[in-house]
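Content type mmCIF, C-alpha atoms and all ligand atoms, from the file start_4.cif:
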```cif
data_work
loop_
_atom_site.label_atom_id
_atom_site.label_comp_id
_atom_site.auth_asym_id
_atom_site.auth_seq_id
_atom_site.Cartn_x
_atom_site.Cartn_y
_atom_site.Cartn_z
CA MET A 1179 -22.49 -22.13 73.32
CA SER A 1180 -22.73 -18.36 72.70
CA LEU A 1181 -24.24 -17.37 69.37
CA LYS A 1182 -22.64 -13.97 69.62
CA LYS A 1183 -19.90 -13.04 67.19
CA LYS A 1184 -16.38 -12.53 68.48
CA ILE A 1185 -14.86 -9.17 67.67
CA ILE A 1186 -11.45 -7.75 68.60
CA PHE A 1187 -10.60 -4.06 68.38
CA ILE A 1188 -6.89 -3.39 67.78
CA VAL A 1189 -6.01 0.15 68.76
CA ASN A 1190 -2.86 1.75 67.38
CA PRO A 1191 -2.17 4.47 69.97
CA ILE A 1192 0.24 6.40 67.73
CA SER A 1193 -1.91 6.62 64.58
CA GLY A 1194 -3.30 9.99 63.52
CA THR A 1195 -3.13 13.01 65.76
CA HIS A 1196 -6.03 12.41 68.17
CA SER A 1197 -5.84 10.59 71.49
CA LYS A 1198 -7.42 7.12 71.54
CA GLU A 1199 -8.13 7.29 75.31
CA THR A 1200 -11.90 7.57 74.89
CA ILE A 1201 -12.19 4.73 72.36
CA PRO A 1202 -12.72 1.89 74.91
CA GLN A 1203 -15.54 3.77 76.60
CA LEU A 1204 -17.13 4.60 73.25
CA ILE A 1205 -16.99 0.94 72.20
CA GLU A 1206 -18.59 -0.16 75.48
CA GLU A 1207 -21.39 2.41 74.99
CA LYS A 1208 -22.06 1.85 71.31
CA ILE A 1209 -21.35 -1.79 70.48
CA ASP A 1210 -24.39 -4.02 70.05
CA HIS A 1211 -23.93 -6.30 73.09
CA SER A 1212 -26.68 -8.64 71.87
CA LYS A 1213 -24.64 -9.33 68.72
CA TYR A 1214 -20.99 -9.16 69.76
CA ASP A 1215 -18.60 -10.37 72.47
CA TYR A 1216 -15.79 -7.88 72.23
CA SER A 1217 -12.27 -7.35 73.49
CA ILE A 1218 -9.77 -4.53 72.96
CA GLN A 1219 -6.00 -4.70 72.55
CA ARG A 1220 -3.53 -1.84 72.18
CA THR A 1221 -0.50 -2.32 69.98
CA GLN A 1222 2.87 -2.11 71.73
CA TYR A 1223 5.10 -1.82 68.65
CA ALA A 1224 5.02 -1.71 64.83
CA GLY A 1225 4.06 -5.17 63.56
CA HIS A 1226 2.11 -6.07 66.71
CA ALA A 1227 -1.30 -5.55 65.03
CA SER A 1228 -0.36 -8.18 62.44
CA GLN A 1229 0.49 -10.72 65.16
CA ILE A 1230 -2.73 -10.10 67.09
CA ALA A 1231 -4.82 -10.34 63.90
CA ALA A 1232 -3.13 -13.57 62.74
CA GLU A 1233 -3.78 -15.17 66.12
CA ALA A 1234 -7.40 -13.96 66.04
CA ALA A 1235 -7.92 -15.53 62.60
CA ARG A 1236 -6.45 -18.83 63.87
CA ASP A 1237 -8.86 -18.70 66.84
CA GLY A 1238 -11.85 -18.21 64.54
CA VAL A 1239 -12.60 -14.63 65.64
CA ASP A 1240 -15.31 -13.20 63.36
CA ILE A 1241 -14.15 -9.60 63.03
CA VAL A 1242 -10.89 -7.78 63.76
CA VAL A 1243 -11.31 -4.01 63.80
CA ALA A 1244 -8.42 -1.72 62.90
CA VAL A 1245 -8.56 1.38 65.08
CA GLY A 1246 -5.93 3.38 63.22
CA GLY A 1247 -4.93 4.47 59.73
CA ASP A 1248 -3.82 2.76 56.53
CA GLY A 1249 -0.60 1.43 58.12
CA THR A 1250 -2.62 -0.34 60.84
CA ILE A 1251 -5.07 -1.57 58.21
CA ASN A 1252 -2.18 -2.93 56.17
CA GLU A 1253 -0.83 -4.85 59.17
CA ILE A 1254 -4.23 -6.31 60.04
CA GLY A 1255 -5.40 -6.84 56.46
CA ARG A 1256 -2.32 -8.82 55.49
CA ALA A 1257 -2.91 -11.19 58.42
CA LEU A 1258 -6.57 -11.71 57.45
CA ILE A 1259 -6.33 -12.25 53.67
CA HIS A 1260 -7.86 -15.56 52.59
CA THR A 1261 -9.26 -16.24 56.06
CA ARG A 1262 -12.89 -16.21 57.19
CA THR A 1263 -12.21 -13.33 59.58
CA ALA A 1264 -13.45 -9.95 58.35
CA MET A 1265 -11.73 -6.62 58.96
CA GLY A 1266 -13.64 -3.68 60.41
CA ILE A 1267 -12.30 -0.12 60.52
CA ILE A 1268 -12.61 2.76 62.95
CA PRO A 1269 -10.65 5.40 61.02
CA CYS A 1270 -8.12 7.07 63.31
CA GLY A 1271 -5.21 7.69 60.93
CA SER A 1272 -3.93 10.76 59.17
CA GLY A 1273 -5.11 9.76 55.69
CA ASN A 1274 -7.63 6.91 56.03
CA GLY A 1275 -7.62 6.13 52.31
CA LEU A 1276 -9.23 2.68 52.47
CA ALA A 1277 -11.94 3.73 54.96
CA ARG A 1278 -12.82 6.73 52.80
CA HIS A 1279 -13.05 4.60 49.67
CA LEU A 1280 -15.28 2.12 51.53
CA ASN A 1281 -17.51 4.99 52.68
CA ILE A 1282 -16.86 4.26 56.35
CA PRO A 1283 -17.64 7.40 58.40
CA MET A 1284 -14.65 9.32 59.77
CA ILE A 1285 -16.42 9.76 63.12
CA ALA A 1286 -15.73 6.82 65.44
CA ARG A 1287 -19.27 6.74 66.82
CA LYS A 1288 -20.71 6.44 63.30
CA ALA A 1289 -18.08 3.90 62.23
CA LEU A 1290 -19.34 1.75 65.13
CA ASP A 1291 -22.83 1.89 63.60
CA VAL A 1292 -21.35 0.31 60.47
CA ILE A 1293 -19.81 -2.44 62.60
CA ASN A 1294 -23.13 -3.01 64.37
CA ALA A 1295 -24.88 -3.30 60.98
CA GLY A 1296 -22.28 -6.00 60.19
CA THR A 1297 -22.52 -5.98 56.39
CA VAL A 1298 -19.59 -7.92 54.97
CA ARG A 1299 -18.12 -7.22 51.51
CA THR A 1300 -15.18 -8.93 49.85
CA ILE A 1301 -12.47 -6.77 48.31
CA ASP A 1302 -9.33 -7.21 46.24
CA TYR A 1303 -5.83 -6.54 47.47
CA GLY A 1304 -2.50 -6.07 45.74
CA ILE A 1305 1.04 -7.37 46.17
CA ILE A 1306 4.17 -5.42 45.30
CA ASP A 1307 7.47 -7.29 45.57
CA GLY A 1308 5.91 -9.67 48.12
CA HIS A 1309 4.25 -6.92 50.22
CA PRO A 1310 0.44 -6.90 50.34
CA PHE A 1311 -1.30 -3.52 49.94
CA PHE A 1312 -4.92 -2.50 50.09
CA CYS A 1313 -4.93 1.14 48.92
CA THR A 1314 -2.01 2.07 46.70
CA CYS A 1315 1.62 1.27 46.09
CA GLY A 1316 4.16 2.78 43.79
CA VAL A 1317 7.53 4.16 42.83
CA GLY A 1318 8.89 7.63 42.24
CA PHE A 1319 7.98 10.75 44.12
CA ASP A 1320 5.30 9.31 46.43
CA ALA A 1321 7.68 6.52 47.51
CA PHE A 1322 10.40 9.13 48.06
CA VAL A 1323 8.00 11.18 50.21
CA SER A 1324 6.97 8.12 52.24
CA LEU A 1325 10.65 7.50 53.00
CA LYS A 1326 11.51 11.12 53.70
CA PHE A 1327 8.64 11.72 56.09
CA SER A 1328 8.48 8.20 57.57
CA ASP A 1329 10.13 9.17 60.83
CA SER A 1330 9.58 12.87 60.85
CA GLY A 1331 6.82 12.67 63.49
CA LYS A 1332 3.44 14.32 63.27
CA ARG A 1333 3.22 17.66 61.56
CA GLY A 1334 0.42 19.87 60.34
CA LEU A 1335 -1.12 18.82 57.09
CA LEU A 1336 -0.58 22.22 55.48
CA THR A 1337 3.13 22.03 56.33
CA TYR A 1338 3.18 18.50 54.92
CA LEU A 1339 1.45 19.64 51.73
CA GLU A 1340 3.79 22.58 51.43
CA ASN A 1341 6.93 20.49 52.02
CA THR A 1342 5.69 17.91 49.57
CA LEU A 1343 5.03 20.51 46.88
CA HIS A 1344 8.40 22.10 47.57
CA GLU A 1345 10.20 18.76 47.20
CA SER A 1346 8.19 18.08 44.06
CA LEU A 1347 9.72 21.05 42.27
CA THR A 1348 13.27 19.74 42.67
CA TYR A 1349 12.61 15.98 42.42
CA GLN A 1350 14.12 14.39 39.31
CA PRO A 1351 11.77 12.13 37.31
CA GLU A 1352 13.14 8.71 36.35
CA THR A 1353 12.68 6.50 33.31
CA TYR A 1354 10.66 3.33 33.91
CA GLU A 1355 9.43 0.49 31.77
CA ILE A 1356 6.05 -1.01 32.50
CA GLU A 1357 5.72 -4.58 31.26
CA ASN A 1358 2.32 -6.26 30.92
CA ALA A 1359 1.11 -9.41 29.15
CA SER A 1360 1.22 -7.71 25.73
CA GLY A 1361 4.54 -5.90 25.88
CA THR A 1362 6.60 -3.12 27.42
CA ALA A 1363 6.13 0.65 27.35
CA ARG A 1364 8.70 3.22 28.46
CA TYR A 1365 7.82 6.33 30.48
CA LYS A 1366 9.73 9.19 31.96
CA ALA A 1367 7.71 9.61 35.13
CA PHE A 1368 7.50 11.66 38.26
CA LEU A 1369 5.64 8.79 39.88
CA ILE A 1370 3.86 5.56 39.05
CA ALA A 1371 0.97 4.69 41.35
CA CYS A 1372 -0.68 1.26 41.28
CA ALA A 1373 -4.08 1.58 42.89
CA ASN A 1374 -6.49 -0.90 44.39
CA ALA A 1375 -8.43 1.92 46.09
CA SER A 1376 -8.92 5.26 44.38
CA GLN A 1377 -7.13 7.53 46.83
CA TYR A 1378 -3.95 8.00 48.85
CA GLY A 1379 -6.09 9.21 51.77
CA ASN A 1380 -7.42 12.67 52.64
CA ASN A 1381 -9.56 12.46 49.49
CA ALA A 1382 -6.52 12.84 47.23
CA TYR A 1383 -7.71 10.72 44.29
CA ILE A 1384 -4.61 9.44 42.53
CA ALA A 1385 -6.66 6.87 40.56
CA PRO A 1386 -10.22 8.20 40.48
CA GLN A 1387 -11.71 5.25 38.59
CA ALA A 1388 -10.21 2.50 40.78
CA SER A 1389 -12.57 -0.12 42.17
CA LEU A 1390 -11.89 -2.46 45.11
CA THR A 1391 -13.88 -5.26 43.53
CA ASP A 1392 -13.02 -5.41 39.81
CA GLY A 1393 -9.97 -7.66 40.10
CA MET A 1394 -7.83 -5.00 38.41
CA MET A 1395 -5.38 -2.32 39.45
CA ASP A 1396 -5.56 1.20 38.08
CA ILE A 1397 -2.12 2.51 37.15
CA THR A 1398 -1.48 6.24 37.09
CA VAL A 1399 1.72 7.53 35.50
CA LEU A 1400 2.44 11.17 36.24
CA GLU A 1401 4.85 12.47 33.62
CA PRO A 1402 7.24 15.39 34.30
CA PHE A 1403 5.47 18.70 34.88
CA THR A 1404 6.30 22.32 35.58
CA VAL A 1405 5.28 24.66 38.38
CA LEU A 1406 2.56 25.99 36.10
CA ASP A 1407 0.88 22.57 36.08
CA VAL A 1408 0.68 22.40 39.89
CA PRO A 1409 -2.62 24.29 40.37
CA ALA A 1410 -4.47 22.14 37.80
CA LEU A 1411 -2.90 18.92 39.06
CA SER A 1412 -3.78 19.68 42.69
CA PHE A 1413 -7.30 20.76 41.75
CA GLN A 1414 -7.88 17.60 39.75
CA LEU A 1415 -6.30 15.37 42.41
CA PHE A 1416 -8.99 16.44 44.86
CA ASN A 1417 -11.78 16.75 42.32
CA ARG A 1418 -11.45 13.12 41.20
CA THR A 1419 -10.53 14.22 37.66
CA LEU A 1420 -6.75 13.71 37.68
CA ASP A 1421 -7.09 11.21 34.83
CA GLN A 1422 -8.17 14.12 32.58
CA ASN A 1423 -4.82 15.93 32.94
CA SER A 1424 -2.54 15.79 29.89
CA ARG A 1425 0.47 14.91 32.12
CA ILE A 1426 -1.30 11.73 33.26
CA LYS A 1427 -1.31 8.35 31.54
CA THR A 1428 -3.60 5.65 32.91
CA MET A 1429 -3.97 1.93 32.34
CA ARG A 1430 -5.78 -0.94 33.99
CA GLU A 1431 -3.98 -4.27 34.47
CA LYS A 1432 -4.06 -7.38 36.61
CA LYS A 1433 -0.31 -7.80 36.75
CA ILE A 1434 2.69 -5.71 35.70
CA THR A 1435 6.42 -5.56 36.22
CA ILE A 1436 8.00 -2.15 36.74
CA HIS A 1437 11.60 -2.02 35.48
CA ARG A 1438 13.84 0.81 36.66
CA SER A 1439 17.50 1.62 36.12
CA GLN A 1440 18.52 1.12 39.74
CA GLU A 1441 17.25 -0.45 42.92
CA GLY A 1442 15.62 1.86 45.44
CA VAL A 1443 12.57 2.72 47.43
CA PHE A 1444 8.94 1.84 46.68
CA HIS A 1445 5.94 2.25 48.96
CA PHE A 1446 2.99 0.06 49.90
CA ASP A 1447 0.05 1.87 51.56
CA GLY A 1448 2.41 4.76 52.28
CA ASP A 1449 5.08 2.72 54.07
CA PRO A 1450 8.50 2.76 52.39
CA ALA A 1451 10.51 -0.38 51.52
CA GLN A 1452 13.68 -1.00 49.54
CA GLY A 1453 13.39 -3.08 46.37
CA GLY A 1454 15.36 -4.19 43.32
CA LYS A 1455 15.36 -2.94 39.75
CA ASN A 1456 12.35 -5.08 38.80
CA LEU A 1457 9.16 -4.90 40.84
CA GLU A 1458 6.22 -7.24 40.25
CA VAL A 1459 2.84 -5.79 41.11
CA GLU A 1460 -0.39 -7.76 40.94
CA ILE A 1461 -3.97 -7.68 42.13
CA ILE A 1462 -5.56 -10.65 43.87
CA HIS A 1463 -9.31 -10.70 43.36
CA GLN A 1464 -11.58 -10.99 46.40
CA GLY A 1465 -8.99 -11.80 49.04
CA LEU A 1466 -10.24 -9.91 52.09
CA HIS A 1467 -13.61 -9.66 53.84
CA VAL A 1468 -14.40 -6.21 55.21
CA VAL A 1469 -17.25 -4.84 57.29
CA ALA A 1470 -18.40 -1.78 55.37
CA PRO A 1471 -21.48 -0.09 53.92
CA LEU A 1472 -22.73 -1.75 50.74
CA LYS A 1473 -21.96 1.32 48.66
CA GLY A 1474 -18.30 2.29 48.36
CA HIS A 1475 -17.01 5.72 47.40
CA ASN A 1476 -16.97 5.05 43.68
CA ASP A 1477 -20.73 4.57 43.82
CA THR A 1478 -21.35 8.02 45.26
CA ILE A 1479 -21.56 11.51 43.83
CA PRO A 1480 -18.22 13.37 44.07
CA LEU A 1481 -17.99 16.07 46.70
CA ASN A 1482 -16.81 19.42 45.46
CA VAL A 1483 -13.09 20.02 45.34
CA LEU A 1484 -13.02 22.69 48.03
CA HIS A 1485 -14.65 20.32 50.46
CA HIS A 1486 -11.80 17.86 49.84
CA ILE A 1487 -9.08 20.47 50.14
CA THR A 1488 -10.49 22.09 53.24
CA GLU A 1489 -10.82 18.65 54.80
CA PHE A 1490 -7.24 17.89 53.76
CA ILE A 1491 -5.83 20.99 55.42
CA GLY A 1492 -8.02 20.58 58.47
CA MET A 1493 -10.46 23.46 58.01
CA ARG A 1494 -14.23 23.27 57.99
CA PRO A 1495 -15.81 23.20 54.53
CA ILE A 1496 -16.53 26.69 53.25
CA THR A 1497 -20.20 27.10 52.45
CA SER A 1498 -20.55 29.90 49.97
CA THR A 1499 -21.45 30.36 46.34
CA ILE A 1500 -19.70 28.39 43.62
CA ALA A 1501 -18.04 31.54 42.26
CA SER A 1502 -16.55 32.40 45.61
CA LYS A 1503 -15.38 28.79 46.07
CA HIS A 1504 -13.44 29.03 42.84
CA ARG A 1505 -11.95 32.34 43.95
CA GLN A 1506 -10.88 30.74 47.25
CA LEU A 1507 -9.33 27.78 45.46
CA LEU A 1508 -7.43 30.12 43.20
CA LYS A 1509 -6.24 32.01 46.29
CA LEU A 1510 -5.12 28.78 47.96
CA ASN A 1511 -3.10 27.82 44.88
CA GLN A 1512 -1.59 31.30 44.65
CA HIS A 1513 -0.75 31.21 48.36
CA ILE A 1514 1.02 27.85 48.01
CA LEU A 1515 2.90 28.95 44.89
CA ARG A 1516 3.99 32.23 46.57
CA ARG A 1517 5.31 30.40 49.62
CA LEU A 1518 7.08 27.86 47.44
CA ALA A 1519 8.68 30.61 45.37
CA LYS A 1520 9.98 32.26 48.57
CA ARG A 1521 11.51 29.01 49.79
CA GLY A 1522 13.01 28.17 46.39
N1 LIG A 1601 2.52 0.84 69.50
C1 LIG A 1601 3.14 1.24 68.39
N2 LIG A 1601 4.31 1.92 68.47
C2 LIG A 1601 4.94 2.37 67.36
N3 LIG A 1601 4.47 2.17 66.10
C3 LIG A 1601 3.30 1.51 65.97
C4 LIG A 1601 2.59 1.00 67.10
N4 LIG A 1601 1.47 0.39 66.66
C5 LIG A 1601 1.50 0.49 65.31
N5 LIG A 1601 2.57 1.17 64.88
C6 LIG A 1601 2.93 1.58 63.50
O1 LIG A 1601 2.36 2.87 63.31
C7 LIG A 1601 2.35 3.13 61.91
C8 LIG A 1601 1.42 4.27 61.59
O2 LIG A 1601 0.09 3.88 61.82
P1 LIG A 1601 -1.09 4.27 60.81
O3 LIG A 1601 -0.65 4.20 59.40
O4 LIG A 1601 -2.26 3.47 61.21
O5 LIG A 1601 -1.38 5.78 61.19
P2 LIG A 1601 -1.22 7.07 60.28
O6 LIG A 1601 0.10 7.04 59.58
O7 LIG A 1601 -1.49 8.22 61.17
O8 LIG A 1601 -2.45 6.92 59.28
P3 LIG A 1601 -2.52 6.88 57.66
O9 LIG A 1601 -1.67 5.73 57.23
O10 LIG A 1601 -3.98 6.66 57.37
O11 LIG A 1601 -2.02 8.18 57.18
C9 LIG A 1601 1.99 1.80 61.31
O12 LIG A 1601 2.79 1.58 60.17
C10 LIG A 1601 2.30 0.77 62.42
O13 LIG A 1601 3.21 -0.22 61.98
#
```
Final structure tokens representation of the file:
Amino acid sequence: MSLKKKIIFIVNPISGTHSKETIPQLIEEKIDHSKYDYSIQRTQYAGHASQIAAEAARDGVDIVVAVGGDGTINEIGRALIHTRTAMGIIPCGSGNGLARHLNIPMIARKALDVINAGTVRTIDYGIIDGHPFFCTCGVGFDAFVSLKFSDSGKRGLLTYLENTLHESLTYQPETYEIENASGTARYKAFLIACANASQYGNNAYIAPQASLTDGMMDITVLEPFTVLDVPALSFQLFNRTLDQNSRIKTMREKKITIHRSQEGVFHFDGDPAQGGKNLEVEIIHQGLHVVAPLKGHNDTIPLNVLHHITEFIGMRPITSTIASKHRQLLKLNQHILRRLAKRG
């Protein structure tokens, strides 16, 4: 009997913006053949990754690797929760929130080194209205955006950011009640994000203090804001300091119910779904094994904000003095605000 571990790579060919054509060759070159017997499958349709992963878990496969973004991870992760099969990640999505939190390198070759090292950690996951999530879920503006852009195809990240900011200036906040074990609090909110991982992806830290292993979800309520708040909010979103903004309320809970005045959309890991007026959200402690470096993102020193933003909009980090970085950030904010004003 072979002592090698069985590993299946599930490639989502439509995730992210880069071709996945070279992935099989890279795996053949890089994988530790003395440790793993591997196979590769490409998904044919949405939902296929979940089916392949569920079958792999039933067959006792050791590791199923998601070659895609957070949507692919969600499909695979939900099939592997509470099984002995671990999930690996080669980040190939547009946002890659979970991989970034887990400190998995964004370069496929380096992500394969992590798989070869084979360190397994156990993380929490969440459930909103029966849908498992691994990064974030929520209601309000981010759910609205996930619905609006769900079938808009691939577009440049700057255009996406610009469209999102533009929509944000006309979006009407709703009133929600958040119920926990000790009572109910009412908020007028632009969005409510329930976070297992700290970021949406692209290093946009919606819940900077969130941990994947504490058995709790970090809830971020963004209250109504004006155009003048946008520069500070966007700076703090990328600088992992959003929780310091006066428009933000945070709490940490194991289970909540969100009550809203009407049924509508919510999102789980960026995918939209329709739900009722009352949405139960809860965190399940230690439900998924993942192959990842021992230190996650919340154990590391924050990168500077410009690094995050330049990565988000697809430019190379600007290496210059701190003063000039701040000037550039100010310029970026002014540029976005000017373009938004023109469109408004
Ligand atoms: N062969 C396929 N054809 C069409 N859709 C697919 C196929 N395989 C997977 N999908 C769907 O593609 C969606 C997008 O994939 P994924 O989220 O991994 O990429 P992304 O959106 O680029 O990345 P991120 O979520 O990190 O921003 C997933 O929700 C998945 O259900």
Within 7 Å of ligand LIG 1601 (chain A), which residues of chain A show up? Give each one with its shortest atom-to-atom distance in Å (one decimal) and the two atoms involved, counting all atoms listed in the file, rows by chain then rising residue number, as JSON lines.
```
{"residue": "A:Asn1190", "atom": "CA", "partner": "A:LIG1601", "partner_atom": "N4", "distance": 4.6}
{"residue": "A:Pro1191", "atom": "CA", "partner": "A:LIG1601", "partner_atom": "N1", "distance": 5.9}
{"residue": "A:Ile1192", "atom": "CA", "partner": "A:LIG1601", "partner_atom": "C4", "distance": 5.9}
{"residue": "A:Ser1193", "atom": "CA", "partner": "A:LIG1601", "partner_atom": "O5", "distance": 3.5}
{"residue": "A:Gly1194", "atom": "CA", "partner": "A:LIG1601", "partner_atom": "O7", "distance": 3.5}
{"residue": "A:Thr1195", "atom": "CA", "partner": "A:LIG1601", "partner_atom": "O7", "distance": 6.8}
{"residue": "A:Thr1221", "atom": "CA", "partner": "A:LIG1601", "partner_atom": "N1", "distance": 4.4}
{"residue": "A:Gln1222", "atom": "CA", "partner": "A:LIG1601", "partner_atom": "N1", "distance": 3.7}
{"residue": "A:Tyr1223", "atom": "CA", "partner": "A:LIG1601", "partner_atom": "C1", "distance": 3.6}
{"residue": "A:Ala1224", "atom": "CA", "partner": "A:LIG1601", "partner_atom": "O13", "distance": 3.7}
{"residue": "A:Gly1225", "atom": "CA", "partner": "A:LIG1601", "partner_atom": "O13", "distance": 5.3}
{"residue": "A:His1226", "atom": "CA", "partner": "A:LIG1601", "partner_atom": "N4", "distance": 6.5}
{"residue": "A:Ala1227", "atom": "CA", "partner": "A:LIG1601", "partner_atom": "C5", "distance": 6.7}
{"residue": "A:Gly1246", "atom": "CA", "partner": "A:LIG1601", "partner_atom": "O4", "distance": 4.2}
{"residue": "A:Gly1247", "atom": "CA", "partner": "A:LIG1601", "partner_atom": "O4", "distance": 3.2}
{"residue": "A:Asp1248", "atom": "CA", "partner": "A:LIG1601", "partner_atom": "O9", "distance": 3.7}
{"residue": "A:Gly1249", "atom": "CA", "partner": "A:LIG1601", "partner_atom": "O3", "distance": 3.1}
{"residue": "A:Thr1250", "atom": "CA", "partner": "A:LIG1601", "partner_atom": "O4", "distance": 3.8}
{"residue": "A:Ile1251", "atom": "CA", "partner": "A:LIG1601", "partner_atom": "O4", "distance": 6.5}
{"residue": "A:Glu1253", "atom": "CA", "partner": "A:LIG1601", "partner_atom": "O13", "distance": 6.8}
{"residue": "A:Cys1270", "atom": "CA", "partner": "A:LIG1601", "partner_atom": "O8", "distance": 7.0}
{"residue": "A:Gly1271", "atom": "CA", "partner": "A:LIG1601", "partner_atom": "O8", "distance": 3.3}
{"residue": "A:Ser1272", "atom": "CA", "partner": "A:LIG1601", "partner_atom": "O11", "distance": 3.8}
{"residue": "A:Gly1273", "atom": "CA", "partner": "A:LIG1601", "partner_atom": "O10", "distance": 3.7}
{"residue": "A:Asn1274", "atom": "CA", "partner": "A:LIG1601", "partner_atom": "O10", "distance": 3.9}
{"residue": "A:Gly1275", "atom": "CA", "partner": "A:LIG1601", "partner_atom": "O10", "distance": 6.3}
{"residue": "A:Gly1379", "atom": "CA", "partner": "A:LIG1601", "partner_atom": "O10", "distance": 6.5}
{"residue": "A:Gly1448", "atom": "CA", "partner": "A:LIG1601", "partner_atom": "O9", "distance": 6.5}
{"residue": "A:Asp1449", "atom": "CA", "partner": "A:LIG1601", "partner_atom": "O12", "distance": 6.6}
```
Residue selection dump (C-alpha atoms) as a compact mmCIF listing (two decimals), in the coordinates of the input:
```
# COMPACT_ATOMS: atom_id res chain seq x y z
CA ASN A 1190 -2.86 1.75 67.38
CA PRO A 1191 -2.17 4.47 69.97
CA ILE A 1192 0.24 6.40 67.73
CA SER A 1193 -1.91 6.62 64.58
CA GLY A 1194 -3.30 9.99 63.52
CA THR A 1195 -3.13 13.01 65.76
CA THR A 1221 -0.50 -2.32 69.98
CA GLN A 1222 2.87 -2.11 71.73
CA TYR A 1223 5.10 -1.82 68.65
CA ALA A 1224 5.02 -1.71 64.83
CA GLY A 1225 4.06 -5.17 63.56
CA HIS A 1226 2.11 -6.07 66.71
CA ALA A 1227 -1.30 -5.55 65.03
CA GLY A 1246 -5.93 3.38 63.22
CA GLY A 1247 -4.93 4.47 59.73
CA ASP A 1248 -3.82 2.76 56.53
CA GLY A 1249 -0.60 1.43 58.12
CA THR A 1250 -2.62 -0.34 60.84
CA ILE A 1251 -5.07 -1.57 58.21
CA GLU A 1253 -0.83 -4.85 59.17
CA CYS A 1270 -8.12 7.07 63.31
CA GLY A 1271 -5.21 7.69 60.93
CA SER A 1272 -3.93 10.76 59.17
CA GLY A 1273 -5.11 9.76 55.69
CA ASN A 1274 -7.63 6.91 56.03
CA GLY A 1275 -7.62 6.13 52.31
CA GLY A 1379 -6.09 9.21 51.77
CA GLY A 1448 2.41 4.76 52.28
CA ASP A 1449 5.08 2.72 54.07
```
- prompt: Any idea what the distance is between atom CA of Glu1355 of chain A and atom CA of Ala1410 of chain A?
  reply: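 Atom-to-atom, atom CA of Glu1355 of chain A and atom CA of Ala1410 of chain A are spaced 26.4 Å apart.
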query: Taking all atoms listed in the file into account, which of A:Gly1465, A:Pro1471, A:Gly1453, A:Gly1316 comes nearest Leu1290 of chain A?
result: A:Pro1471
- prompt: To one decimal place, how far is atom CA of His1445 of chain A from atom CA of Val1399 of chain A in Å?
  reply: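 Atom CA of His1445 of chain A sits 15.1 Å away from atom CA of Val1399 of chain A.
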- request: Could you check which of A:Pro1269, A:Ser1212, A:Tyr1383, A:Thr1398 is closest to Ala1286 of chain A, using all atoms listed in the file?
  value: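 That would be A:Pro1269, the residue with the smallest distance to Ala1286 of chain A.
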message: Applying 9 Å and all atoms listed in the file, which residues near Gly1454 of chain A remain after dropping the ones on its own chain fewer than 5 positions away? List them as number ranges by chain.
response: A: 1307, 1437-1438, 1440-1443
field: Neighbour residues at most 9 Å from (2.7, 2.8, 29.4) (all atoms listed in the file) as a list in words
entry: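 Those within range, by chain then number, are Glu1355, Ile1356, Glu1357, Thr1362, Ala1363, Arg1364, Tyr1365, Val1399, Lys1427, Thr1428 and Met1429 of chain A.
Take atom CA of Phe1319 of chain A and atom CA of Pro1450 of chain A: the distance between them is 11.5 Å.
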Within 9 Å of segment 1466-1469 of chain A: each segment 1266-1343 of chain A residue with its shortest pair, only C-alpha atoms, as a tab-separated table:
```
residue	atom	partner	partner_atom	distance
A:Gly1266	CA	A:Val1469	CA	4.9
A:Ile1267	CA	A:Val1469	CA	7.6
A:Val1292	CA	A:Val1469	CA	7.3
A:Ile1293	CA	A:Val1469	CA	6.4
A:Ala1295	CA	A:Val1469	CA	8.6
A:Gly1296	CA	A:Val1469	CA	5.9
A:Thr1297	CA	A:Val1469	CA	5.5
A:Val1298	CA	A:Val1469	CA	4.5
A:Arg1299	CA	A:Val1468	CA	5.3
A:Thr1300	CA	A:His1467	CA	4.3
A:Ile1301	CA	A:Leu1466	CA	5.4
A:Asp1302	CA	A:Leu1466	CA	6.5
A:Tyr1303	CA	A:Leu1466	CA	7.2
```
- request: List every protein, DNA or RNA residue with an atom no more than 12 Å from (-7.8, -7.3, 44.5) in the file's coordinates, counting all atoms listed in the file, and format the result as a PyMOL selection string.
  value: chain A and resi 1259-1260+1300-1305+1310-1314+1372-1375+1388-1396+1431-1433+1459-1467
